[in-house]
>>> print(open('target.tsv').read())   # TSV, C-alpha atoms
chain	number	residue	atom	x	y	z
A	1	MET	CA	87.89	-25.80	-41.04
A	2	LYS	CA	90.29	-23.03	-40.58
A	3	ILE	CA	87.78	-23.12	-37.89
A	4	ILE	CA	84.49	-24.83	-38.40
A	5	PHE	CA	81.19	-24.59	-40.23
A	6	ARG	CA	78.58	-23.05	-42.45
A	7	SER	CA	75.29	-24.53	-43.57
A	8	ALA	CA	71.83	-23.77	-44.68
A	9	LEU	CA	69.49	-25.19	-42.09
A	10	VAL	CA	66.80	-27.42	-43.52
A	11	ALA	CA	63.66	-25.29	-43.73
A	12	ALA	CA	61.61	-27.75	-41.70
A	13	LEU	CA	64.05	-27.36	-38.80
A	14	LEU	CA	63.98	-23.57	-38.52
A	15	ILE	CA	63.30	-22.56	-34.95
A	16	ALA	CA	60.96	-19.81	-33.82
A	17	THR	CA	62.28	-16.40	-32.80
A	18	SER	CA	62.20	-15.37	-29.17
A	19	CYS	CA	59.37	-12.92	-29.86
A	20	GLY	CA	57.14	-15.78	-30.95
A	21	LYS	CA	57.83	-18.22	-28.13
A	22	ASP	CA	54.47	-17.75	-26.43
A	23	ASP	CA	52.59	-18.38	-29.68
A	24	ASP	CA	54.70	-21.27	-30.99
A	25	GLY	CA	56.54	-22.67	-27.97
A	26	GLY	CA	55.37	-26.25	-28.45
A	27	ASN	CA	56.17	-26.32	-32.16
A	28	SER	CA	59.57	-24.75	-31.53
A	29	SER	CA	60.47	-27.41	-28.96
A	30	GLN	CA	59.34	-30.11	-31.37
A	31	LEU	CA	61.58	-28.73	-34.10
A	32	GLU	CA	64.53	-28.64	-31.71
A	33	GLU	CA	63.94	-32.30	-30.88
A	34	GLN	CA	63.78	-33.13	-34.59
A	35	ALA	CA	67.07	-31.32	-35.17
A	36	GLU	CA	68.74	-33.25	-32.34
A	37	GLN	CA	67.44	-36.54	-33.74
A	38	LEU	CA	68.79	-35.63	-37.17
A	39	GLU	CA	72.21	-34.95	-35.68
A	40	GLN	CA	72.27	-38.48	-34.24
A	41	THR	CA	71.84	-40.11	-37.67
A	42	PRO	CA	74.78	-42.48	-38.37
A	43	LEU	CA	76.77	-41.39	-41.45
A	44	GLU	CA	78.38	-43.95	-43.73
A	45	ALA	CA	82.19	-44.03	-43.60
A	46	ASN	CA	82.60	-43.92	-47.39
A	47	THR	CA	80.14	-41.01	-47.66
A	48	VAL	CA	82.28	-38.98	-45.28
A	49	ALA	CA	85.56	-40.03	-46.91
A	50	ASP	CA	84.29	-39.06	-50.37
A	51	ASN	CA	83.07	-35.61	-49.33
A	52	VAL	CA	85.89	-34.05	-47.33
A	53	LEU	CA	88.75	-31.75	-48.30
A	54	ILE	CA	91.85	-32.08	-46.12
A	55	GLU	CA	94.63	-29.53	-46.35
A	56	GLY	CA	97.80	-31.36	-47.39
A	57	GLY	CA	95.91	-34.66	-47.69
A	58	SER	CA	96.02	-37.24	-50.50
A	59	LYS	CA	93.26	-39.82	-50.72
A	60	MET	CA	94.58	-43.39	-50.94
A	61	GLU	CA	92.63	-46.59	-51.58
A	62	GLY	CA	92.82	-49.46	-49.12
A	63	MET	CA	94.08	-49.54	-45.54
A	64	PRO	CA	96.77	-47.30	-44.03
A	65	PRO	CA	100.23	-48.77	-43.16
A	66	THR	CA	100.52	-50.83	-39.98
A	67	PRO	CA	101.74	-48.86	-36.93
A	68	ASN	CA	104.80	-49.87	-34.92
A	69	GLY	CA	103.98	-47.64	-31.94
A	70	ALA	CA	107.52	-46.21	-31.83
A	71	ILE	CA	106.28	-42.62	-31.44
A	72	SER	CA	103.40	-41.22	-29.41
A	73	LEU	CA	100.20	-39.43	-30.39
A	74	ASP	CA	98.17	-37.07	-28.22
A	75	ILE	CA	94.80	-35.86	-29.54
A	76	SER	CA	93.29	-35.04	-26.15
A	77	LYS	CA	92.37	-31.56	-27.37
A	78	ALA	CA	90.38	-32.85	-30.34
A	79	GLY	CA	86.72	-31.93	-30.12
A	80	GLU	CA	83.70	-34.10	-30.81
A	81	THR	CA	81.76	-31.49	-32.79
A	82	ALA	CA	81.81	-30.62	-36.50
A	83	PHE	CA	79.68	-28.24	-38.56
A	84	LEU	CA	78.04	-28.29	-41.95
A	85	ASN	CA	80.18	-26.99	-44.84
A	86	GLU	CA	83.03	-26.31	-42.40
A	87	GLY	CA	84.08	-29.59	-40.81
A	88	PHE	CA	86.44	-29.81	-37.84
A	89	ASN	CA	90.06	-29.53	-36.70
A	90	ILE	CA	92.25	-32.20	-35.10
A	91	PRO	CA	94.95	-30.65	-32.86
A	92	LEU	CA	97.65	-33.24	-32.26
A	93	SER	CA	101.11	-33.57	-30.75
A	94	SER	CA	103.77	-36.26	-30.49
A	95	ASP	CA	107.14	-36.99	-28.91
A	96	GLY	CA	108.42	-37.72	-32.41
A	97	ASP	CA	109.45	-35.34	-35.17
A	98	ILE	CA	106.28	-36.02	-37.13
A	99	VAL	CA	105.89	-35.17	-40.80
A	100	GLY	CA	102.51	-36.69	-41.59
A	101	ALA	CA	99.35	-38.44	-40.48
A	102	TYR	CA	97.09	-41.23	-41.68
A	103	LEU	CA	93.37	-40.58	-41.27
A	104	GLN	CA	90.57	-43.06	-41.94
A	105	PHE	CA	86.85	-42.55	-41.42
A	106	LYS	CA	84.65	-45.06	-39.67
A	107	SER	CA	80.92	-45.60	-39.27
A	108	ASN	CA	79.38	-45.91	-35.83
A	109	ASP	CA	78.88	-49.66	-36.40
A	110	GLY	CA	82.64	-50.12	-36.84
A	111	THR	CA	82.72	-50.25	-40.66
A	112	VAL	CA	85.80	-48.45	-41.99
A	113	ALA	CA	86.00	-46.56	-45.28
A	114	ASP	CA	87.57	-48.19	-48.34
A	115	SER	CA	90.14	-45.38	-48.43
A	116	TYR	CA	92.28	-43.27	-46.12
A	117	TYR	CA	94.10	-39.92	-46.28
A	118	ASP	CA	97.87	-39.48	-46.17
A	119	ILE	CA	98.32	-35.96	-44.77
A	120	ASP	CA	101.46	-33.83	-44.96
A	121	ILE	CA	101.69	-31.86	-41.73
A	122	SER	CA	105.43	-31.22	-41.65
A	123	SER	CA	104.96	-27.49	-42.23
A	124	ASP	CA	101.96	-27.08	-39.93
A	125	PHE	CA	103.76	-26.60	-36.60
A	126	SER	CA	102.86	-23.03	-35.81
A	127	PHE	CA	100.91	-20.76	-33.58
A	128	LYS	CA	98.33	-18.25	-34.69
A	129	LYS	CA	97.13	-15.02	-33.22
A	130	ALA	CA	93.82	-13.28	-33.68
A	131	ALA	CA	94.08	-11.20	-36.84
A	132	LYS	CA	91.78	-8.49	-35.57
A	133	ARG	CA	90.08	-7.28	-32.44
A	134	SER	CA	86.58	-8.61	-31.92
A	135	ILE	CA	83.93	-8.10	-29.28
A	136	PHE	CA	85.50	-10.93	-27.31
A	137	LYS	CA	88.95	-11.00	-25.66
A	138	LYS	CA	89.66	-7.50	-26.89
A	139	ASN	CA	92.70	-7.01	-24.67
A	140	ILE	CA	94.67	-10.23	-25.16
A	141	ASP	CA	95.92	-12.04	-28.25
A	142	GLN	CA	94.28	-15.43	-28.67
A	143	LEU	CA	96.70	-18.33	-29.05
A	144	VAL	CA	94.85	-21.10	-30.84
A	145	ALA	CA	97.69	-23.62	-31.08
A	146	LYS	CA	100.87	-24.18	-29.12
A	147	VAL	CA	104.17	-24.16	-30.98
A	148	ASP	CA	104.67	-27.89	-30.41
A	149	GLU	CA	101.31	-28.85	-31.86
A	150	ALA	CA	100.14	-29.60	-35.39
A	151	ASN	CA	96.66	-29.29	-36.76
A	152	VAL	CA	94.72	-31.35	-39.30
A	153	ASP	CA	92.08	-29.27	-41.05
A	154	VAL	CA	89.12	-31.34	-42.31
A	155	ASP	CA	86.54	-29.44	-44.39
A	156	PHE	CA	83.14	-30.71	-45.56
A	157	ASN	CA	81.38	-30.20	-48.86
A	158	ALA	CA	77.61	-29.81	-49.15
A	159	GLN	CA	77.02	-33.59	-49.26
A	160	ILE	CA	77.81	-34.01	-45.55
A	161	GLU	CA	74.59	-33.75	-43.55
A	162	PRO	CA	73.97	-33.61	-39.79
A	163	GLY	CA	74.80	-36.92	-38.16
A	164	THR	CA	77.56	-38.88	-36.45
A	165	PHE	CA	80.69	-40.75	-37.54
A	166	CYS	CA	84.13	-41.62	-36.18
A	167	TYR	CA	87.69	-41.28	-37.42
A	168	VAL	CA	90.94	-43.11	-36.67
A	169	ILE	CA	94.23	-41.21	-36.88
A	170	CYS	CA	97.93	-41.95	-36.38
A	171	VAL	CA	101.06	-39.91	-37.11
A	172	TYR	CA	104.42	-40.84	-38.61
A	173	ASP	CA	107.94	-39.46	-38.77
A	174	GLN	CA	110.59	-39.28	-41.51
A	175	GLU	CA	112.04	-42.66	-40.48
A	176	GLY	CA	108.74	-44.44	-41.03
A	177	ASN	CA	107.79	-44.81	-37.37
A	178	ILE	CA	104.01	-44.78	-36.95
A	179	SER	CA	102.14	-44.10	-33.73
A	180	ASN	CA	99.39	-46.33	-32.44
A	181	PRO	CA	96.00	-45.14	-33.74
A	182	SER	CA	93.54	-43.01	-31.77
A	183	GLU	CA	89.81	-42.89	-32.43
A	184	VAL	CA	87.33	-40.02	-31.96
A	185	CYS	CA	83.61	-39.97	-32.71
A	186	VAL	CA	82.15	-36.72	-34.06
A	187	THR	CA	78.68	-35.20	-34.25
A	188	VAL	CA	77.96	-32.95	-37.23
A	189	GLU	CA	75.80	-30.18	-35.79
A	190	SER	CA	73.14	-28.14	-37.54
A	191	TRP	CA	73.26	-24.37	-37.41
A	192	GLY	CA	71.17	-22.89	-34.65
A	193	GLY	CA	70.15	-25.24	-31.88
A	194	SER	CA	67.84	-23.59	-29.35
A	195	ASP	CA	65.11	-20.95	-29.42
A	196	ALA	CA	66.22	-19.92	-25.91
A	197	VAL	CA	69.26	-18.11	-27.34
A	198	VAL	CA	67.47	-16.54	-30.31
A	199	GLY	CA	67.06	-12.78	-30.02
A	200	LYS	CA	68.84	-9.44	-29.93
A	201	TRP	CA	71.21	-9.36	-26.96
A	202	GLU	CA	72.82	-6.15	-25.67
A	203	LEU	CA	76.05	-6.20	-23.69
A	204	VAL	CA	75.71	-4.74	-20.19
A	205	LYS	CA	79.02	-5.63	-18.53
A	206	GLU	CA	82.20	-7.71	-18.73
A	207	GLU	CA	84.22	-9.53	-16.09
A	208	TYR	CA	87.88	-10.49	-16.41
A	209	THR	CA	89.55	-12.73	-13.81
A	210	TYR	CA	93.30	-13.24	-13.64
A	211	GLU	CA	95.26	-14.80	-10.74
A	212	GLY	CA	92.20	-14.69	-8.52
A	213	GLU	CA	91.51	-10.98	-9.09
A	214	THR	CA	88.30	-10.01	-10.90
A	215	ASN	CA	87.73	-6.72	-12.69
A	216	VAL	CA	84.20	-5.69	-13.68
A	217	TYR	CA	83.48	-3.22	-16.48
A	218	ASN	CA	79.95	-1.96	-17.00
A	219	LEU	CA	79.07	-0.72	-20.45
A	220	GLY	CA	80.56	2.76	-20.79
A	221	ASP	CA	83.16	2.25	-18.05
A	222	PRO	CA	86.80	2.79	-19.07
A	223	ASP	CA	88.98	-0.33	-19.18
A	224	CYS	CA	92.47	1.00	-18.51
A	225	ASP	CA	96.03	-0.25	-18.82
A	226	GLU	CA	98.39	1.44	-16.36
A	227	TRP	CA	102.16	1.24	-16.22
A	228	THR	CA	105.29	3.17	-15.34
A	229	SER	CA	107.57	4.28	-18.16
A	230	SER	CA	110.90	6.09	-18.39
A	231	CYS	CA	111.12	9.41	-20.23
A	232	GLU	CA	114.01	10.72	-22.35
A	233	ASN	CA	115.43	12.64	-19.37
A	234	GLY	CA	115.53	9.49	-17.26
A	235	GLU	CA	112.58	10.39	-15.07
A	236	GLU	CA	109.55	8.15	-14.77
A	237	VAL	CA	105.94	8.90	-15.59
A	238	GLU	CA	102.79	7.00	-14.64
A	239	MET	CA	101.00	6.05	-17.87
A	240	SER	CA	97.34	5.18	-18.38
A	241	VAL	CA	95.47	4.38	-21.60
A	242	CYS	CA	91.80	3.37	-21.54
A	243	TYR	CA	89.34	1.64	-23.85
A	244	THR	CA	85.64	2.47	-23.46
A	245	GLN	CA	82.91	0.43	-25.10
A	246	GLU	CA	79.92	2.47	-26.27
A	247	TYR	CA	77.67	-0.49	-27.11
A	248	GLY	CA	77.82	-4.17	-27.98
A	249	ILE	CA	75.05	-6.09	-29.74
A	250	LEU	CA	74.87	-9.81	-30.51
A	251	GLU	CA	71.82	-10.86	-32.52
A	252	LEU	CA	71.23	-14.61	-32.89
A	253	LYS	CA	68.64	-15.30	-35.59
A	254	SER	CA	66.30	-18.26	-35.91
A	255	ASP	CA	67.84	-19.34	-39.24
A	256	GLY	CA	71.20	-20.03	-37.54
A	257	SER	CA	72.85	-16.77	-38.61
A	258	PHE	CA	74.15	-14.00	-36.36
A	259	VAL	CA	75.04	-10.32	-36.45
A	260	ILE	CA	77.58	-8.64	-34.16
A	261	ASP	CA	77.85	-4.86	-33.88
A	262	PHE	CA	79.97	-3.06	-31.30
A	263	LYS	CA	81.57	0.33	-30.99
A	264	GLY	CA	84.15	1.80	-28.66
A	265	SER	CA	87.06	4.21	-28.39
A	266	ASP	CA	90.74	4.02	-27.45
A	267	GLN	CA	92.67	6.77	-25.72
A	268	ASN	CA	95.91	7.89	-27.39
A	269	TYR	CA	98.63	9.53	-25.33
A	270	ASP	CA	100.61	12.45	-26.73
A	271	GLU	CA	104.13	11.24	-27.54
A	272	GLU	CA	105.59	14.77	-27.55
A	273	ALA	CA	104.23	15.38	-24.08
A	274	PHE	CA	105.56	12.00	-22.98
A	275	ASN	CA	109.04	13.01	-24.15
A	276	GLN	CA	108.73	15.91	-21.70
A	277	CYS	CA	107.69	13.43	-19.01
A	278	GLU	CA	104.08	14.57	-19.04
A	279	LEU	CA	100.93	12.53	-19.58
A	280	ALA	CA	98.59	14.12	-22.10
A	281	TYR	CA	96.18	12.76	-24.70
A	282	THR	CA	95.36	13.36	-28.34
A	283	ASP	CA	92.02	12.55	-29.97
A	284	ASP	CA	90.53	9.16	-29.21
A	285	THR	CA	90.49	6.44	-31.86
A	286	VAL	CA	86.87	5.46	-32.55
A	287	PHE	CA	86.48	1.80	-33.44
A	288	ARG	CA	83.41	-0.06	-34.78
A	289	TYR	CA	83.27	-3.76	-35.61
A	290	GLN	CA	80.45	-5.50	-37.46
A	291	SER	CA	80.31	-9.21	-38.18
A	292	ASN	CA	78.03	-11.75	-39.86
A	293	GLY	CA	78.13	-15.52	-39.72
A	294	ASN	CA	76.51	-18.63	-38.30
A	295	TRP	CA	75.94	-19.87	-34.78
A	296	ALA	CA	75.47	-23.31	-33.24
A	297	TYR	CA	74.30	-24.18	-29.76
A	298	VAL	CA	75.01	-27.61	-28.26
A	299	SER	CA	72.45	-27.93	-25.49
A	300	SER	CA	74.09	-30.96	-23.84
A	301	GLU	CA	77.23	-28.86	-23.27
A	302	ASP	CA	75.66	-25.40	-22.85
A	303	ARG	CA	78.12	-24.39	-25.56
A	304	LEU	CA	77.72	-21.61	-28.10
A	305	THR	CA	79.94	-21.30	-31.17
A	306	LEU	CA	80.05	-18.28	-33.49
A	307	VAL	CA	81.72	-18.57	-36.89
A	308	GLU	CA	82.29	-15.44	-38.97
A	309	TYR	CA	81.96	-15.22	-42.75
A	310	SER	CA	82.14	-11.47	-43.25
A	311	TYR	CA	83.23	-8.47	-41.23
A	312	SER	CA	83.66	-4.72	-41.42
A	313	ILE	CA	86.02	-2.68	-39.25
A	314	ASP	CA	85.77	1.10	-39.19
A	315	GLU	CA	88.59	2.94	-37.44
A	316	ASP	CA	88.56	6.73	-37.52
A	317	GLY	CA	86.74	6.77	-40.86
A	318	GLU	CA	88.88	4.13	-42.54
A	319	THR	CA	87.08	0.87	-43.32
A	320	GLU	CA	88.42	-2.65	-43.72
A	321	THR	CA	86.17	-5.48	-44.90
A	322	GLY	CA	86.64	-9.18	-45.43
A	323	THR	CA	84.74	-12.31	-46.41
A	324	ALA	CA	85.48	-16.02	-46.07
A	325	GLU	CA	84.51	-19.00	-48.18
A	326	ASN	CA	83.15	-22.22	-46.72
A	327	GLY	CA	85.93	-23.96	-44.81
A	328	ASP	CA	87.86	-20.74	-44.16
A	329	ALA	CA	85.60	-19.06	-41.61
A	330	ASP	CA	86.96	-17.37	-38.48
A	331	LEU	CA	86.06	-18.60	-35.03
A	332	VAL	CA	84.72	-15.59	-33.12
A	333	TYR	CA	83.53	-17.34	-29.98
A	334	ASP	CA	83.51	-20.91	-28.69
A	335	GLY	CA	82.57	-21.33	-25.07
A	336	THR	CA	79.94	-21.70	-22.40
A	337	ALA	CA	76.56	-19.97	-22.69
A	338	GLN	CA	74.44	-19.63	-19.56
A	339	ILE	CA	70.85	-18.63	-20.37
A	340	ASN	CA	68.22	-17.58	-17.85
A	341	GLY	CA	65.20	-15.91	-19.41
A	342	ASN	CA	66.31	-12.48	-20.62
A	343	SER	CA	69.82	-12.86	-19.20
A	344	PHE	CA	72.62	-14.39	-21.24
A	345	ILE	CA	76.21	-14.94	-20.04
A	346	LEU	CA	79.05	-16.07	-22.31
A	347	ILE	CA	82.10	-17.54	-20.56
A	348	GLU	CA	85.55	-18.13	-22.04
A	349	VAL	CA	88.60	-19.55	-20.29
A	350	ASP	CA	92.27	-19.58	-21.30
A	351	ASP	CA	94.85	-22.23	-20.53
A	352	TYR	CA	97.89	-20.90	-22.37
A	353	ASP	CA	100.41	-23.50	-21.18
A	354	GLY	CA	98.07	-26.49	-21.45
A	355	ASP	CA	98.53	-27.56	-17.84
A	356	GLY	CA	94.81	-27.88	-17.19
A	357	VAL	CA	94.74	-24.82	-14.93
A	358	THR	CA	92.72	-21.80	-16.08
A	359	ASP	CA	94.89	-18.72	-16.62
A	360	ASN	CA	92.15	-16.22	-17.48
A	361	THR	CA	88.36	-16.19	-17.35
A	362	TYR	CA	86.18	-13.83	-19.37
A	363	LYS	CA	82.45	-13.31	-18.77
A	364	TYR	CA	80.19	-11.25	-21.03
A	365	TYR	CA	76.76	-10.34	-19.66
A	366	PHE	CA	73.97	-9.67	-22.15
A	367	GLU	CA	70.29	-8.80	-21.77
A	368	LYS	CA	67.38	-8.58	-24.20
>>> encode(input="target.tsv", output="structure tokens")
Amino acid sequence: MKIIFRSALVAALLIATSCGKDDDGGNSSQLEEQAEQLEQTPLEANTVADNVLIEGGSKMEGMPPTPNGAISLDISKAGETAFLNEGFNIPLSSDGDIVGAYLQFKSNDGTVADSYYDIDISSDFSFKKAAKRSIFKKNIDQLVAKVDEANVDVDFNAQIEPGTFCYVICVYDQEGNISNPSEVCVTVESWGGSDAVVGKWELVKEEYTYEGETNVYNLGDPDCDEWTSSCENGEEVEMSVCYTQEYGILELKSDGSFVIDFKGSDQNYDEEAFNQCELAYTDDTVFRYQSNGNWAYVSSEDRLTLVEYSYSIDEDGETETGTAENGDADLVYDGTAQINGNSFILIEVDDYDGDGVTDNTYKYYFEK
């Protein structure tokens, strides 16, 4: 999972669309319960071990080497959710100069797999930024890993079904020091998850909170960056450049797929006028973003995840497109979803320095 997921939902578990809730509400709820029960099915350790692809990993028979506990391991940011055909990520950090990890899968009853993975992570210390603007967090680059963290990318093939399993992981350095093992239990989610979120949702406003100050932008309102800049003659000019969103649509379908479509425009200031210490504008840049992928809703956490498999970006008549294979999808959104009838609020928070204190909060308000 360059992020996570992708699966065809079993036909018997397809949930009803929002338009049909009154006619099929009882059946829809029953199917949701069946899906949740399926996701609680224990998966055999060897089945998981035989049907994963781990970047930089070599499958080894037997048990991993015995740890000496000379270096630390922190996997506190590892999630407990995985997705069909995508898998999951394990963010990890250590006080040692780690070059690899040992990973072994485990059934819920404590049975460990007959094999383990020796994973080269020496070149995986990096940070990544969002490659393109999306409907979410359009103003700030998204840091998905700190520079002192590594990431283990575990992908699934089609043999992994919804259910639960655990894994045990430790890390090692060049001198052969091995951390004590840490264990995490994971639930493999189905696509979809609740008929309450199915439907065509239209963005009505956004809220952005930073250092206790909240800015609200209704659809069509300009979202402006303002600053003071020095001109060539040494004088200063007050600058302002605005982004205005024309529309934003998020459609969550009953088969676990989604469609995103939003359009907006950026102001462009005139550089020649700026050189004369004047603020003037040229033509706006018109921007449209369309995206397709799969969604999953974890009702116990009120959490919605959107994973993108194809996109199209049109900017002033020039179009860029892209597609992703299973295991290489892009995470578009992963956060809280508050649903109340025809109102739908998505909430994201940022903690850039990892101190447990929220740095930014984003809220996106949708209505049917």
>>> closest_residue(input="target.tsv", among="A:Gly293, A:Pro181, A:Gly96, A:Gly234", to="Thr323 of chain A", atoms="all atoms listed in the file")
A:Gly293
>>> residues_around(input="target.tsv", residues="Lys205 of chain A", least_positions_apart="4", cutoff="12 Å", atoms="all atoms listed in the file", output="MDAnalysis selection string")
chainID A and resid 215:223 244:249 343:346 362:367
>>> write_last_selection(input="target.tsv", atoms="C-alpha atoms", output="tab-separated table (two decimals), in the frame of the given file")
chain	number	residue	atom	x	y	z
A	215	ASN	CA	87.73	-6.72	-12.69
A	216	VAL	CA	84.20	-5.69	-13.68
A	217	TYR	CA	83.48	-3.22	-16.48
A	218	ASN	CA	79.95	-1.96	-17.00
A	219	LEU	CA	79.07	-0.72	-20.45
A	220	GLY	CA	80.56	2.76	-20.79
A	221	ASP	CA	83.16	2.25	-18.05
A	222	PRO	CA	86.80	2.79	-19.07
A	223	ASP	CA	88.98	-0.33	-19.18
A	244	THR	CA	85.64	2.47	-23.46
A	245	GLN	CA	82.91	0.43	-25.10
A	246	GLU	CA	79.92	2.47	-26.27
A	247	TYR	CA	77.67	-0.49	-27.11
A	248	GLY	CA	77.82	-4.17	-27.98
A	249	ILE	CA	75.05	-6.09	-29.74
A	343	SER	CA	69.82	-12.86	-19.20
A	344	PHE	CA	72.62	-14.39	-21.24
A	345	ILE	CA	76.21	-14.94	-20.04
A	346	LEU	CA	79.05	-16.07	-22.31
A	362	TYR	CA	86.18	-13.83	-19.37
A	363	LYS	CA	82.45	-13.31	-18.77
A	364	TYR	CA	80.19	-11.25	-21.03
A	365	TYR	CA	76.76	-10.34	-19.66
A	366	PHE	CA	73.97	-9.67	-22.15
A	367	GLU	CA	70.29	-8.80	-21.77
>>> closest_residue(input="target.tsv", among="A:Ser265, A:Ser254, A:Thr209, A:Asn108", to="Asp350 of chain A", atoms="only C-alpha atoms")
A:Thr209
>>> atom_distance(input="target.tsv", atom1="atom CA of Leu331 of chain A", atom2="atom CA of Glu202 of chain A")
20.4 Å
>>> residues_around(input="target.tsv", residues="segment 267-283 of chain A", least_positions_apart="6", cutoff="8 Å", atoms="all atoms listed in the file", output="list in words")
Cys231, Glu232, Asn233, Glu235, Glu236, Val237, Glu238, Met239, Val241, Cys242 and Tyr243 of chain A
>>> atom_distance(input="target.tsv", atom1="atom CA of Gln338 of chain A", atom2="atom CA of Glu206 of chain A")
14.2 Å
>>> closest_residue(input="target.tsv", among="A:Val112, A:Val286, A:Ile160, A:Ala101", to="Gly62 of chain A", atoms="all atoms listed in the file")
A:Val112
>>> residues_around(input="target.tsv", residues="segment 65-71 of chain A", least_positions_apart="4", cutoff="8 Å", atoms="all atoms listed in the file", output="number ranges by chain")
A: 94-96, 170, 172, 177-181
>>> closest_residue(input="target.tsv", among="A:Glu207, A:Glu189, A:Asp261, A:Glu301", to="Tyr289 of chain A", atoms="only C-alpha atoms")
A:Asp261
>>> closest_residue(input="target.tsv", among="A:Tyr102, A:Gly199, A:Ala337, A:Asp97", to="Asp173 of chain A", atoms="only C-alpha atoms")
A:Asp97
>>> residues_around(input="target.tsv", residues="Ile169 of chain A", least_positions_apart="5", cutoff="10 Å", atoms="all atoms listed in the file", output="number ranges by chain")
A: 64, 73, 75, 90, 92, 101-105, 116-117, 179-184
>>> write_last_selection(input="target.tsv", atoms="C-alpha atoms", output="compact mmCIF listing (two decimals), keeping the file's coordinate frame")
# COMPACT_ATOMS: atom_id res chain seq x y z
CA PRO A 64 96.77 -47.30 -44.03
CA LEU A 73 100.20 -39.43 -30.39
CA ILE A 75 94.80 -35.86 -29.54
CA ILE A 90 92.25 -32.20 -35.10
CA LEU A 92 97.65 -33.24 -32.26
CA ALA A 101 99.35 -38.44 -40.48
CA TYR A 102 97.09 -41.23 -41.68
CA LEU A 103 93.37 -40.58 -41.27
CA GLN A 104 90.57 -43.06 -41.94
CA PHE A 105 86.85 -42.55 -41.42
CA TYR A 116 92.28 -43.27 -46.12
CA TYR A 117 94.10 -39.92 -46.28
CA SER A 179 102.14 -44.10 -33.73
CA ASN A 180 99.39 -46.33 -32.44
CA PRO A 181 96.00 -45.14 -33.74
CA SER A 182 93.54 -43.01 -31.77
CA GLU A 183 89.81 -42.89 -32.43
CA VAL A 184 87.33 -40.02 -31.96
>>> axis_aligned_box(input="target.tsv", around="segment 245-251 of chain A", padding_each_side="3 Å", output="AutoDock Vina command-line options")
--center_x 77.4 --center_y -4.2 --center_z -28.8 --size_x 17.1 --size_y 19.3 --size_z 13.4
>>> atom_distance(input="target.tsv", atom1="atom CA of Val332 of chain A", atom2="atom CA of Leu53 of chain A")
22.5 Å
>>> residues_near_point(input="target.tsv", point="(83.7, -28.7, -50.0)", cutoff="10 Å", atoms="only C-alpha atoms", output="list in words")
Asn51, Val52, Leu53, Ile54, Leu84, Asn85, Glu86, Gly87, Val154, Asp155, Phe156, Asn157, Ala158, Gln159, Ile160, Glu325, Asn326 and Gly327 of chain A
